[in-house]
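Peer 1: Just dropping this structure here.
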Amino acid sequence: MDVQMFLLKYGEIGIKGKNRYLFEDRLVRRVAEALRPAGSFKVWKADGRIYAKGLSAFDREDAVRRLQTVFGIVGICPAVTSQATDLATLLDDAEIYWRNAIGDGTPTFKCEARRSRKNFHKNSMEINCAVGERILETFPGTRVDVHQPEVLLRIEVRGQVFLYHEEVRGAGGMPVGSAAPGMLLLSGGIDSPVAGYMMAKRGMPIRATYFHAPPYTSDRARQKVVDLAKIVARYAGEMTLNIVNFTAPQLHIYERCPHDELTIIMRRYMMRIAEHFAKEQGASALITGESVGQVASQTVEGLLTTNAVCNLPVFRPLIGFDKWEIVELAQKIGSFETSILPYEDCCTIFVAKHPVTRPKLERMCASERKLAPEMEELVAEAIRTVETITVRADGKEPLSLSK
């Protein structure tokens with residue numbers, strides 16, 4: 001009996017019809033990538049399941065944690081395999097499994113067999129009855145409870161026979177790479193990393209753009225955002241991070257525009273720059289962490305005015321979330337403690353004391369005209385001097401691509 005493997009269950013992929021194999025293949029690749037730092041694994045698909053077999057010793061808890069970052073998986077089952085071709089051998093292997101995995105306690109249990117290999121000469125109900133009888137006879141004190149068993153022993157008769165009783169909840173969603181990429185506007189706050197996580201869960205590979213404002217923001221603020229990108233990359237895979245020096249454009253806006261319009265106008269230029277990198281790097285949408293009414297610039301009128309500069313669609317997966325719901329998600333994915341580190345980003349440094357909450361598009365456009373022609377040159381310089389790094393999914397130091 002082989003104990004070094006996982007049986008992985010998927011959810012939505014199972015209803016994808018003729019394209020299902022594309023999603024399965026993508027999930028196989030993502031599982032292999034996630035498990036690579038944990039050891040040597042063979043990963044394959046068969047019969048509506050994904051299988052990951054350890055080819056060398058590995059830390060089971062570490063492997064499970066890594067599998068829990070793979071979108072598309074709904075259940076992670078540490079399993080053993082049996083080569084049984086007849087009921088007698090299967091009963092012996094079920095007894096060995098129970099003794100090794102569960103022990104000599106007296107739990108209540110239920111057997112749940114599934115038989116996709118129809119040439120196995122006993123059907124699912126007959127397997128359930130026979131295995132249950134063997135456990136009752138061999139382990140005194142055990143008893144069957146079909147409603148709320150302490151142990152649910154599952155037996156899947158496929159190409160091989162798989163036995164397992166644990167099922168760890170997976171991340172759900174769709175495997176990353178099954179949708180077109182998106183460009184995340186990543187800040188040092190709580191919301192944007194969660195927004196990136198949410199869209200990666202729907203299969204989007206993530207690229208990101210961060211607006212840095214030295215000397216008003218420190219190197220620690222920059223590193224904080226790089227660390228947040230590493231956390232998003234655990235789930236989304238390797239990602240590109242564009243670090244834009246936005247100091248000169250911000251100062252120009254600050255000097256020329258009414259201060260109640262600062263946030264909206266700066267946001268509009270950020271969206272323009274992020275869209276430039278999105279098109280350049282093959283992303284088909286922008287992603288932000290905005291939520292209706294959370295701050296003054298996130299009123300419906302504010303979002304409408306910001307959207308007006310974009311040609312690509314803007315996805316806001318947190319649009320209807322309360323702040324505490326976003327915090328809970330940030331804690332779940334491990335970004336919250338990094339997000340609350342006290343290193344301010346450019347959005348908080350240049351915030352208006354009394355920002356406009358119902359901006360008019362015509363008025364914003366009129367204010368922006370006062371910035372020309374210098375603003376076009378400043379934006380072009382910010383784009384030209386961007387620092388682009390590759391953030392790795394394994395948490396190692398990022399690779400610098402350009403500066």
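By order in the structure tokens, chains are A, B, ...; within a chain, residues start at 1; ligands start at 1, following the order shown.
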Which polymer residues have any atom within 10 Å of an atom of Tyr51 of chain A, counting only C-alpha atoms, with same-chain residues fewer than 6 positions away left out, as a PyMOL selection string?
Peer 2: chain A and resi 5-9+28+31+41-45+76-77+79
Peer 1: Put those residues in a file: all heavy atoms, as a CSV table (one decimal), in the first residue's frame.
Peer 2:
```
chain,number,residue,atom,x,y,z
A,5,MET,N,0.7,10.0,-1.1
A,5,MET,CA,0.0,10.6,-2.2
A,5,MET,C,-1.2,11.4,-1.7
A,5,MET,O,-1.7,11.2,-0.6
A,5,MET,CB,-0.4,9.6,-3.3
A,5,MET,CG,-1.6,8.7,-2.9
A,5,MET,SD,-2.1,7.7,-4.3
A,5,MET,CE,-2.3,9.0,-5.6
A,6,PHE,N,-1.8,12.3,-2.6
A,6,PHE,CA,-3.0,13.0,-2.4
A,6,PHE,C,-4.0,12.8,-3.5
A,6,PHE,O,-3.6,12.8,-4.7
A,6,PHE,CB,-2.7,14.5,-2.3
A,6,PHE,CG,-1.8,14.9,-1.1
A,6,PHE,CD1,-0.4,15.1,-1.3
A,6,PHE,CD2,-2.3,15.0,0.2
A,6,PHE,CE1,0.4,15.5,-0.3
A,6,PHE,CE2,-1.5,15.4,1.2
A,6,PHE,CZ,-0.1,15.6,1.0
A,7,LEU,N,-5.2,12.6,-3.2
A,7,LEU,CA,-6.3,12.6,-4.1
A,7,LEU,C,-6.9,14.0,-4.0
A,7,LEU,O,-7.3,14.4,-2.9
A,7,LEU,CB,-7.3,11.5,-3.8
A,7,LEU,CG,-8.5,11.3,-4.7
A,7,LEU,CD1,-8.9,9.9,-4.7
A,7,LEU,CD2,-9.7,12.2,-4.2
A,8,LEU,N,-7.0,14.7,-5.1
A,8,LEU,CA,-7.5,16.1,-5.1
A,8,LEU,C,-8.8,16.2,-5.9
A,8,LEU,O,-8.9,15.8,-7.0
A,8,LEU,CB,-6.4,17.0,-5.7
A,8,LEU,CG,-5.0,16.9,-5.1
A,8,LEU,CD1,-4.0,17.7,-5.9
A,8,LEU,CD2,-5.0,17.3,-3.7
A,9,LYS,N,-9.8,16.8,-5.2
A,9,LYS,CA,-11.1,17.0,-5.8
A,9,LYS,C,-11.2,18.4,-6.3
A,9,LYS,O,-10.8,19.4,-5.7
A,9,LYS,CB,-12.2,16.7,-4.8
A,9,LYS,CG,-12.1,15.3,-4.3
A,9,LYS,CD,-13.2,15.1,-3.2
A,9,LYS,CE,-13.2,13.6,-2.7
A,9,LYS,NZ,-14.2,13.4,-1.7
A,28,VAL,N,-3.5,20.7,-13.2
A,28,VAL,CA,-2.3,19.8,-13.0
A,28,VAL,C,-1.0,20.6,-12.9
A,28,VAL,O,-0.2,20.4,-12.1
A,28,VAL,CB,-2.3,18.7,-14.1
A,28,VAL,CG1,-1.0,18.0,-14.1
A,28,VAL,CG2,-3.4,17.7,-13.9
A,31,VAL,N,-0.8,22.5,-9.6
A,31,VAL,CA,-0.5,21.7,-8.5
A,31,VAL,C,1.0,21.3,-8.5
A,31,VAL,O,1.7,21.3,-7.5
A,31,VAL,CB,-1.4,20.4,-8.5
A,31,VAL,CG1,-0.9,19.3,-7.5
A,31,VAL,CG2,-2.8,20.7,-8.3
A,41,PHE,N,7.3,15.3,-6.9
A,41,PHE,CA,5.9,14.7,-7.0
A,41,PHE,C,5.6,14.4,-8.5
A,41,PHE,O,6.0,15.1,-9.4
A,41,PHE,CB,4.9,15.7,-6.5
A,41,PHE,CG,4.8,15.8,-5.0
A,41,PHE,CD1,5.7,16.6,-4.3
A,41,PHE,CD2,3.8,15.1,-4.3
A,41,PHE,CE1,5.6,16.8,-2.9
A,41,PHE,CE2,3.8,15.2,-2.9
A,41,PHE,CZ,4.7,16.0,-2.2
A,42,LYS,N,4.8,13.3,-8.7
A,42,LYS,CA,4.2,13.1,-9.9
A,42,LYS,C,2.8,13.5,-9.8
A,42,LYS,O,2.1,13.1,-8.9
A,42,LYS,CB,4.3,11.6,-10.3
A,42,LYS,CG,3.6,11.2,-11.6
A,42,LYS,CD,3.6,9.7,-11.8
A,42,LYS,CE,2.8,9.3,-13.1
A,42,LYS,NZ,2.8,7.9,-13.3
A,43,VAL,N,2.3,14.4,-10.8
A,43,VAL,CA,1.0,14.9,-10.7
A,43,VAL,C,0.3,14.5,-12.0
A,43,VAL,O,0.8,14.7,-13.1
A,43,VAL,CB,0.9,16.4,-10.5
A,43,VAL,CG1,-0.5,16.9,-10.4
A,43,VAL,CG2,1.8,16.8,-9.3
A,44,TRP,N,-0.9,13.9,-12.0
A,44,TRP,CA,-1.7,13.6,-13.2
A,44,TRP,C,-3.2,13.6,-12.9
A,44,TRP,O,-3.6,13.8,-11.8
A,44,TRP,CB,-1.2,12.2,-13.6
A,44,TRP,CG,-1.8,11.0,-12.8
A,44,TRP,CD1,-2.8,10.2,-13.1
A,44,TRP,CD2,-1.2,10.5,-11.6
A,44,TRP,NE1,-3.0,9.3,-12.1
A,44,TRP,CE2,-2.0,9.4,-11.2
A,44,TRP,CE3,-0.1,10.9,-10.8
A,44,TRP,CZ2,-1.8,8.7,-10.0
A,44,TRP,CZ3,0.1,10.1,-9.6
A,44,TRP,CH2,-0.7,9.0,-9.3
A,45,LYS,N,-3.9,13.5,-14.0
A,45,LYS,CA,-5.4,13.5,-13.9
A,45,LYS,C,-5.9,12.2,-14.4
A,45,LYS,O,-5.4,11.6,-15.3
A,45,LYS,CB,-6.0,14.7,-14.7
A,45,LYS,CG,-5.7,14.6,-16.2
A,45,LYS,CD,-6.5,15.6,-17.0
A,45,LYS,CE,-6.3,15.4,-18.5
A,45,LYS,NZ,-7.0,16.4,-19.3
A,76,ILE,N,-8.7,18.2,-0.4
A,76,ILE,CA,-7.4,17.6,-0.4
A,76,ILE,C,-7.4,16.4,0.5
A,76,ILE,O,-7.7,16.5,1.7
A,76,ILE,CB,-6.4,18.6,0.1
A,76,ILE,CG1,-6.4,19.9,-0.7
A,76,ILE,CG2,-5.0,18.0,0.2
A,76,ILE,CD1,-5.7,21.1,0.0
A,77,CYS,N,-7.2,15.2,-0.1
A,77,CYS,CA,-7.4,14.0,0.6
A,77,CYS,C,-6.1,13.2,0.7
A,77,CYS,O,-5.7,12.6,-0.4
A,77,CYS,CB,-8.5,13.1,0.0
A,77,CYS,SG,-10.1,14.0,-0.3
A,79,ALA,N,-4.3,10.1,0.8
A,79,ALA,CA,-4.9,8.8,0.5
A,79,ALA,C,-3.8,7.7,0.4
A,79,ALA,O,-2.6,8.0,0.3
A,79,ALA,CB,-5.6,8.8,-0.8
```
Peer 1: Would you kindly return, as an MDAnalysis selection string, each protein, DNA or RNA residue with an atom no farther than 8 Å from any atom of Leu312 of chain A, considering only C-alpha atoms and excluding same-chain residues fewer than 2 positions away?
Peer 2: chainID A and resid 275 284:286 310 314
Peer 1: Need the shell around Ala221 of chain A: protein/DNA/RNA residues with any atom at most 9 Å away, counting only C-alpha atoms. Skip same-chain ones fewer than 5 positions apart. Format as a list in words?
Peer 2: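 Contacts, with the query itself left out: Gly188, His212, Val226, Leu341, Pro342, Tyr343, Glu344 and Asp345 of chain A.
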Peer 1: Grab the residues selected above and save them as a short mmCIF file (atom, residue, chain, number, x, y, z; two decimals), in the first residue's frame with N, CA and C atoms.
Peer 2:
```cif
data_model
loop_
_atom_site.label_atom_id
_atom_site.label_comp_id
_atom_site.auth_asym_id
_atom_site.auth_seq_id
_atom_site.Cartn_x
_atom_site.Cartn_y
_atom_site.Cartn_z
N GLY A 188 -0.07 49.77 -0.38
CA GLY A 188 0.34 49.15 0.88
C GLY A 188 -0.82 48.95 1.84
N HIS A 212 5.07 54.74 -6.18
CA HIS A 212 6.01 55.10 -5.12
C HIS A 212 6.27 56.60 -5.19
N VAL A 226 6.29 45.12 -1.91
CA VAL A 226 6.91 43.92 -2.48
C VAL A 226 6.52 42.69 -1.66
N LEU A 341 1.42 47.52 8.67
CA LEU A 341 2.70 48.12 9.07
C LEU A 341 2.65 49.62 8.78
N PRO A 342 3.21 50.44 9.67
CA PRO A 342 3.00 51.91 9.60
C PRO A 342 3.92 52.62 8.60
N TYR A 343 3.94 52.14 7.35
CA TYR A 343 4.74 52.80 6.32
C TYR A 343 3.78 53.32 5.26
N GLU A 344 3.63 54.65 5.17
CA GLU A 344 2.59 55.23 4.34
C GLU A 344 2.95 55.19 2.86
N ASP A 345 1.91 55.04 2.01
CA ASP A 345 2.14 55.11 0.57
C ASP A 345 1.72 56.48 0.04
#
```
Peer 1: Among segment 137-282 of chain A, which ones does DSSP place in strand (DSSP E or B), written as number ranges by chain?
Peer 2: A: 143-144, 151-157, 161-164, 168-169, 174, 182-185, 202, 206-212, 239-245
Peer 1: Do you know which residues are at most 8 Å from segment 151-158 of chain A counting only C-alpha atoms, after dropping those on the same chain fewer than 4 positions away, and could you put them as a ChimeraX atom specification?
Peer 2: /A:47,107-117,120,162-166
Peer 1: Can you work out which one of A:His252, A:Arg222, A:Arg169, A:Arg134 has the shortest atom-to-atom distance to Asp93 of chain A, counting only C-alpha atoms?
Peer 2: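 The shortest atom-to-atom distance to Asp93 of chain A comes from A:Arg134.
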Peer 1: Counting only C-alpha atoms, figure out which residue out of A:Ala283, A:Ile73, A:Ala63, A:Ala278 gets nearest to Gly14 of chain A.
Peer 2: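 Going through A:Ala283, A:Ile73, A:Ala63, A:Ala278 one by one, the smallest distance to Gly14 of chain A is for A:Ile73.
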Peer 1: One number please: atom CA of Val309 of chain A to atom CA of Ile273 of chain A, in Å, one decimal.
Peer 2: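 Atom CA of Ile273 of chain A lies at a distance of 10.3 Å from atom CA of Val309 of chain A.
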Peer 1: Select, from A:Ala200, A:Leu304, A:Leu35, A:Val295, the residue with the minimum atom-to-atom distance to Gly172 of chain A, counting only C-alpha atoms.
Peer 2: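 Closest to Gly172 of chain A, using only C-alpha atoms: A:Ala200.
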Peer 1: Show which residues sit within 8 Å of Val379 of chain A, as a list of chain:residue names. Count only C-alpha atoms, and ignore same-chain residues fewer than 4 positions away.
Peer 2: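 Contacts, in chain order: A:Pro249, A:Ile273, A:Met375, A:Ile383.
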Peer 1: Pick the closest to Ala179 of chain A from A:Ala236, A:Leu371, A:Gly48, A:Tyr269: which is it, counting only C-alpha atoms?
Peer 2: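 Checking each candidate against Ala179 of chain A, we get A:Ala236 as the closest.
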Peer 1: Could you give me the residues within segment 150-373 of chain A that DSSP places in helix (DSSP H, G or I), as a PyMOL selection string?
Peer 2: chain A and resi 191-201+219-236+247-256+259-280+296-298+300-307+323-333+336-339+346-349+361-369
Peer 1: Give me, please, the distance in Å between atom CA of Val356 of chain A and atom CA of Leu262 of chain A, quoted to one decimal.
Peer 2: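 Between atom CA of Val356 of chain A and atom CA of Leu262 of chain A the gap is 8.8 Å.
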Peer 1: With a distance cut-off of 12 Å and only C-alpha atoms, select the neighbouring residues of Arg234 of chain A, excluding the residue or stretch itself and same-chain residues fewer than 3 positions from it, and output the selection as a PyMOL selection string.
Peer 2: chain A and resi 30+33-35+37+65-71+176+193+196-197+200-201+205-206+227-231+237-239+333-335+391-396
